[in-house]
Structure formats: C-alpha cells, structure tokens
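*Asks:* The structure under discussion is supplied below as structure tokens; questions concerning it will follow.
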Amino acid sequence: MPSLSCHNLLDLVAAADDAAPSPASLRLPRVMSAASPASPTSPSTPAPARRVVVSHRLPLRAAADAASPFGFSFTVDSDAVAYQLRSGLPPGAPVLHIGTLPPPATEAASDELCNYLLANFSCLPVYLPADLHRRFYHGFCKHYLWPLLHYLLPLTPSSLGGLPFDRALYHSFLSANRAFADRLTEVLSPDDDLVWIHDYHLLALPTFLRKRFPRAKVGFFLHSPFPSSEIFRTIPVREDLLRALLNADLVGFHTFDYARHFLSACSRLLGLDYQSKRGYIGIEYYGRTVTVKILPVGIDMGQLRSVVSAPETGDLVRRLTESYKGRRLMVGVDDVDLFKGIGLKFLAMEQLLVEHPELRGRAVLVQIANPARSEGRDIQEVQGEARAISARVNARFGTPGYTPIVLIDRGVSVHEKAAYYAAAECCVVSAVRDGLNRIPYIYTVCRQESTGLDDAAKRSVIVLSEFVGCSPSLSGAIRVNPWSVESMAEAMNAALRMPEPEQRLRHEKHYKYVSTHDVAYWAKSFDQDLQRACKDHFSRRHWGIGFGMSFKVVALGPNFRRLSVDHIVPSYRKSDNRLILLDYDGTVMPEGSIDKAPSNEVISVLNRLCEDPKNRVFIVSGRGKDELGRWFAPCEKLGIAAEHGYFTRWSRDSAWETCGLAVDFDWKKTAEPVMRLYKEATDGSTIEDKESALVWHHDEADPDFGSCQAKELLDHLENVLANEPVVVKRGQHIVEVNPQVSACHLPSFL
C-alpha cells in the first residue's frame, strides 16, 4: 500500500491508489561484525530482516594508538547493552549499530573511519559537532532531562544537578536527534529493517524517523525511569516528547510503574486511553496501535561467566577472602551521581556501628565508585560528600588493621569487581532513584559461579532500595527506603544476622530468575513483540499529518476511500430525494468548543441546504429538545432528532414527536440519588437530566478517578435498575440511563 505524507487529512488525494510508492532509500550493504559473523543460510530460506540498533554511543571502545591511521584503535565494548542484545536476536540476522563515537575518538571523524567501522564492526557513526554534542548531551540530556526523569525538579541551583528548561538547549537536543535520523535515512530499508532505539537521549528520534518513513518498524526502549505524570507534566515540551514515543510501534519499560506513569501521562495530556488484550497493553493513536512492553533488561550470562571463571578472578577471590578473614564483608558498586545514594549508604553504615557495637571491628563495607558519566559541580559534590562521610566514620570507628568503609574511587577491572562481588556476603544498593540497576543480578551470579568459593558459600543477601527498577524482580531481597538511615542500618544488620539456610533459599530464588531472564531473553522478547506490533503495516494505508514535533501518522484500513468531490457532486445532482443527517457535537461543532451554540455561519449553511426542496436535513444529537430548538430557531425547515431520536421535529413549526411508546419514568427516582452520590464523590462530574434519560458526565473530572468511578457507577446502576425497563450504558466520559425502545418505535429515517 502506498505511504503518503500530507499536512491535512482532509486534503488526501482521492486517487490514493494511483500514488507512486516512496522512492527507495540509499542502503549500505548488509555487513556483520567480525566479532559475531552471520551464520550461513540456505538459498531457499529468506534472509532474516536486518536489525538497526540506535543508541547514543556506539558499542565501541577507543584507545589512542599512534600506529593506527585514525590515531585510535577500536574494540568492541562488550559491556554495552546495545552490543549484548545481539545474543537474543535471530541467528544470522544482520545487525547495524548507529551512534556517536566513544569520547576519546570524537575528533577523528572522517569518511574513511566511517567505512572502516562499518566494515569491521558493523557500526555507522553519527558525527555531531563538539559544541552541539556538549549542549545536547551535557546540557539538555544530563542536566535537565535526566534529573527530571529521576524526580529532581529544576528548583535548585544548577550546581545541585538540575538546570531549568532552556529552549536553546532543547533545539540542540532536536538537532542531534535529527542528525541521527539523517544517518538512518541513508541506510534504512523501511519495508524490511527493524529499528530499535535506546534511551532518553533519542526521545525525539521516532518522530523524525516516522516523518520520513511512515511505515518504518520502530521500537523504543527507555532505560531510565519514566516519572509520575505530575513530574512529567512540568516539562514545557511534554506533548512533543509523548507524541515522539507514540510514533514508535513498541515502547518498552523496565517496570509496570514506569509504564503506568507513561499511560497516565498519555491520558492526562493527550486524552488517550489504553486497553489490555491477551496480555498486551495497547494505545490507540490515530488508527495505529502502539504496544507497551514491560520487561527489565537482564545481564549477559555468557560474558559474565567468562569473567567469573577466569583464573585471574579466582585468585583475586581467594586473596580477598583471606584478607577479610573474620570480617563480615558487604559490597556496593555505583556510578558517581546524585541518585545512587552513596552518602546515605555510608550514613547507614555509621548508624549500624552505633546501634550494634558488637559489629565494630567486624563489619566492613567496600564501596566501588565507578567513573562519572557526566561532568559538573554536582558530581564533585557527590564525590566530596562520600569522601568526607567515609573519612569521618573511619576516624570514629576504625582501628589499626580495621577500616569500616573502604572507598575505592579508582579504575577497577572487571575481574577485580567480580572478585569483590564473590567475596562479599551481602550487596547493598541504596539508590534513591534508578532505572534498573543490574548490580544485584551480577552479584548473584558471581556468588553462585565463582571458582574461588566452596559450595558452602553459594548463598547471598541483597539489601535493595525500593526505588530501583530491579526491585520487583528480586522478591527475596530485603527492600528498604534509602531515605531512612535507620531502616537501612537495620536492614544491613538483618542481612548480616540472617541464618545461612534462609540466605541460601533467597539466593537460589534470585539465581533462578537472573539466569533465565538474561539479556538474550529480554532482547528476543522485545524483538518478537516488535515484529508482532508491525505485522499490519502492509495492510494499512499511512498518511502523515502535522508539522514539526506534532507530526503523526494516520493509519487507515485497506478499504478506506475518501469521498471524492468528483464522485459526490454528480450523484448529489442526479438524486431527487436526499436525506442529510448531521451529528452535532464533534461534527457540526468542534468538540473543544466552549460555546456549544451554533455560529451564524453554521445557521447560514444549514438554511441553504434546507432551501433545496429535494433535501431533508436533520440535526441528530443526544442533547435535549428545548436546547436544540432554541439554538436552531432561525432554521425554519431544519429537522431535529433530540435525545438520540427519542424526540423528533420535522421542521421549526411542527410539533415534537416521541418514539410512540408510553414510557414510565419512575426509574429516575431510583437512578438519580445514585448518580448524585457519585457526583458528590467525584469532583468535576455533573448530572444531566433529560426528559428521556439521565446522564452522568465525568469529562472534567480526574481522568483516572473519573474512569474508575464510571465503572463503579455502571455496576451500581445495573444492580439497582435490574428490574426496570431501562438500558444502562457507558460512553465517552459518560454513564447514561435510557428507556428501552425497540427499533420499530424509532423515527423512520433512523
């Protein structure tokens, strides 16, 4: 089916069937990384569709190398999720990575480097000018969007992490996303490729991509939290970002909480509802169904096992075990940022030693501080706070040969980290807000599979912040509020005193989950759902409407045909008896209009239609007859069907007719008090008392609460009116009670 793009759906060309298909896009050859060659396929078997993985950074590492023609040598970054997900994609499926160069090599941009990375790593770099990248990444992303997604409103000085919204920085964000779209446009085959976009840096990319390729197969996974709608609504460009996500076919989140906040924001800001069907959550958006997926990212079991089983790791584990012999070792591994709660963890350690003197000289917390991912005074303050608290605690409780808090803020190899994980009997995660945090997953596998431990040590305890994305999946962890230092200290004490059999049971439960829900499982599940979400693309017609970040695609069924003026006018002129039925709210008058009365222009158009003796024109509405009669008094020959046809009038001077059935309205005495109860309990709701019906409106109430109350009211009314000759039904923002009227009693034209 053709894919067209226009700015007004009403301007669709009648002869859409004759539209030429969009020109074929330039496409680079399908190439595979040397690190993961494609499996040979039979000539009779169609090649799997290419996966285009788009992330802010390419999954590469760069090291200065004077011998290299580019000044840097490149290797695969096996720790990058964008690379690890390959293990879950179909065997033999080509994978192309698109992103910016790793930091040391950003100045090495050239066409030769592009060709080299494409041929050797299946990576296609996006070149951003240094100033644009700084404003995009360190300005808008890291110091506005990222703090806000983690619930930090920009009410504080920028030194504490949150910048106020800056329109210029937002334009830099859009420019960077547009550059990614430009690179994708060069290589994308929209009818074949599956595009997988990662994280908040590229929130606007689905809109730019959808504008160029209305039928593109686009998935988006948000690795950070999605905040509650109260927080998200503070973003001045909130609708733009929501519409961008809705321009994807599949939107993924780590937890149900994040997905629920996204759905709530769509409801409150865009008026969109969602449905759950056969285990899938879908949002209907201009004829498209946007699927919402909930599944946390797992770890790369193969890579981690290779690190844990390495002789170097085993030697380090035995060395650490001997070094901390007689101690109760706890470990924490965190990036240096505002939300990891390192200072709170150290305060909890201090509180633990204050309340439990018997642990002094025995309990040790080793904290590994990973290098910061951004720059600024907020990072320096976090580092300074951690050093100050650890120094104070060590000065207060330390003794010769005993240091309560060991802060490691240097570079630590993967083997050394794995050794600390394996040697520690407890892992402490105190982040005040984190998208997922895979540290507990890694810790569990290291404890289970380390070659430096005997079988008796195959147990573990995790003290886990309840504000971390992995918390719901680790039901055996001791969940804690990290803001409560006392609760944290008590949780750490409970972990150290937990009986070994209970530790083993909790550990086995965690290991079973982590080992089966790894990154390959996550990638395979997302990939399959993306294919399912896009399966109807070729059976629908797609038209683009809107400008800028308001752009969206309207998807219509294959049998859709626009009513052509060239076809309508001759048929209209040939006919001798025409019935014209016009719905009022939403058709004759816009839905968002405050003044619902018809304008002089509407009255004039209706009168012109009515002047033709071959026309019979009716306004059909659920509104009351008195209101409609007053509004359309200037239209002498206009017919009106009020209250959904219960009352009809063929012209202004004719009498109102009912459906011809004598109806007892005593049921109103029962229904009205029930509706009044819900009206008083639901702020913003109203009751409309029609002659033939009672209607409870909740369009101005809180969307979630109003919808919940409407469901309850529907059940309540159906129960109390079970023996009455009425029908209780729920519509858009209403619950309505009407008398039962058979079709034979309706007006003849209905």
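We name chains A, B, ... following the order of the structure tokens; residues begin at 1 in each chain, and ligands are numbered from 1 as shown.
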Can you list, as a PyMOL selection string, every residue of range 208-441 of chain A that DSSP puts in alpha helix (DSSP H)?
*Replies:* chain A and resi 208-212+229-232+238-246+256-270+301-308+311-323+342-355+377-397+414-423+439-441
*Asks:* Could you give me, as number ranges by chain, the residues within 12 Å of range 672-682 of chain A, counting only C-alpha atoms and dropping anything in the same chain fewer than 6 positions from it?
*Replies:* A: 665-666, 688-690, 693-721, 734-737
*Asks:* Could you name the residues that touch range 415-418 of chain A at 7 Å or less, counting only C-alpha atoms, but leaving out those on the same chain fewer than 4 positions away, as a list in words?
*Replies:*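 Residues near the query, excluding close chain neighbours: Val307, Val308, Glu312, Thr313, Leu316, Ala422 and Cys446 of chain A.
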*Asks:* Include C-alpha atoms and write out the residues we just selected as a CSV table (one decimal), in the first residue's frame.
*Replies:*
```
chain,number,residue,atom,x,y,z
A,307,VAL,CA,34.9,-13.2,33.7
A,308,VAL,CA,33.9,-15.2,36.8
A,312,GLU,CA,42.6,-14.2,37.5
A,313,THR,CA,39.2,-13.7,39.1
A,316,LEU,CA,41.6,-12.4,43.5
A,422,ALA,CA,32.0,-13.1,45.0
A,446,CYS,CA,29.3,-14.0,40.9
```
*Asks:* Report as a list in words: the residues of range 320-385 of chain A with a DSSP assignment of strand (DSSP E), based on the backbone of this structure.
*Replies:*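 Taking range 320-385 of chain A and keeping strand (DSSP E) only, one gets Arg328, Leu329, Met330, Val331, Gly332, Val333, Asp334, Asp335, Ala363, Val364, Leu365, Val366, Gln367, Ile368, Ala369 and Asn370 of chain A.
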*Asks:* Compile the contact shell of Pro190 in chain A as a PDB file with N, CA, C and O atoms, in the first residue's frame: residues with an atom at most 8 Å away, counting only C-alpha atoms, same-chain residues fewer than 5 positions apart removed.
*Replies:*
```pdb
ATOM      1  N   PHE A 213       9.670   8.028   7.016  1.00  0.00           N
ATOM      2  CA  PHE A 213       9.255   6.675   6.641  1.00  0.00           C
ATOM      3  C   PHE A 213       7.993   6.304   7.427  1.00  0.00           C
ATOM      4  O   PHE A 213       8.075   5.728   8.515  1.00  0.00           O
ATOM      5  N   ARG A 215       5.951   4.008   7.269  1.00  0.00           N
ATOM      6  CA  ARG A 215       5.738   2.594   7.553  1.00  0.00           C
ATOM      7  C   ARG A 215       6.934   1.949   8.241  1.00  0.00           C
ATOM      8  O   ARG A 215       6.992   0.719   8.352  1.00  0.00           O
ATOM      9  N   ALA A 216       7.873   2.731   8.711  1.00  0.00           N
ATOM     10  CA  ALA A 216       9.055   2.168   9.365  1.00  0.00           C
ATOM     11  C   ALA A 216       8.650   1.355  10.592  1.00  0.00           C
ATOM     12  O   ALA A 216       7.676   1.669  11.275  1.00  0.00           O
ATOM     13  N   LYS A 217       9.410   0.304  10.863  1.00  0.00           N
ATOM     14  CA  LYS A 217       9.149  -0.564  12.017  1.00  0.00           C
ATOM     15  C   LYS A 217      10.062  -0.112  13.153  1.00  0.00           C
ATOM     16  O   LYS A 217      11.262  -0.387  13.139  1.00  0.00           O
TER      17      LYS A 217
END
```
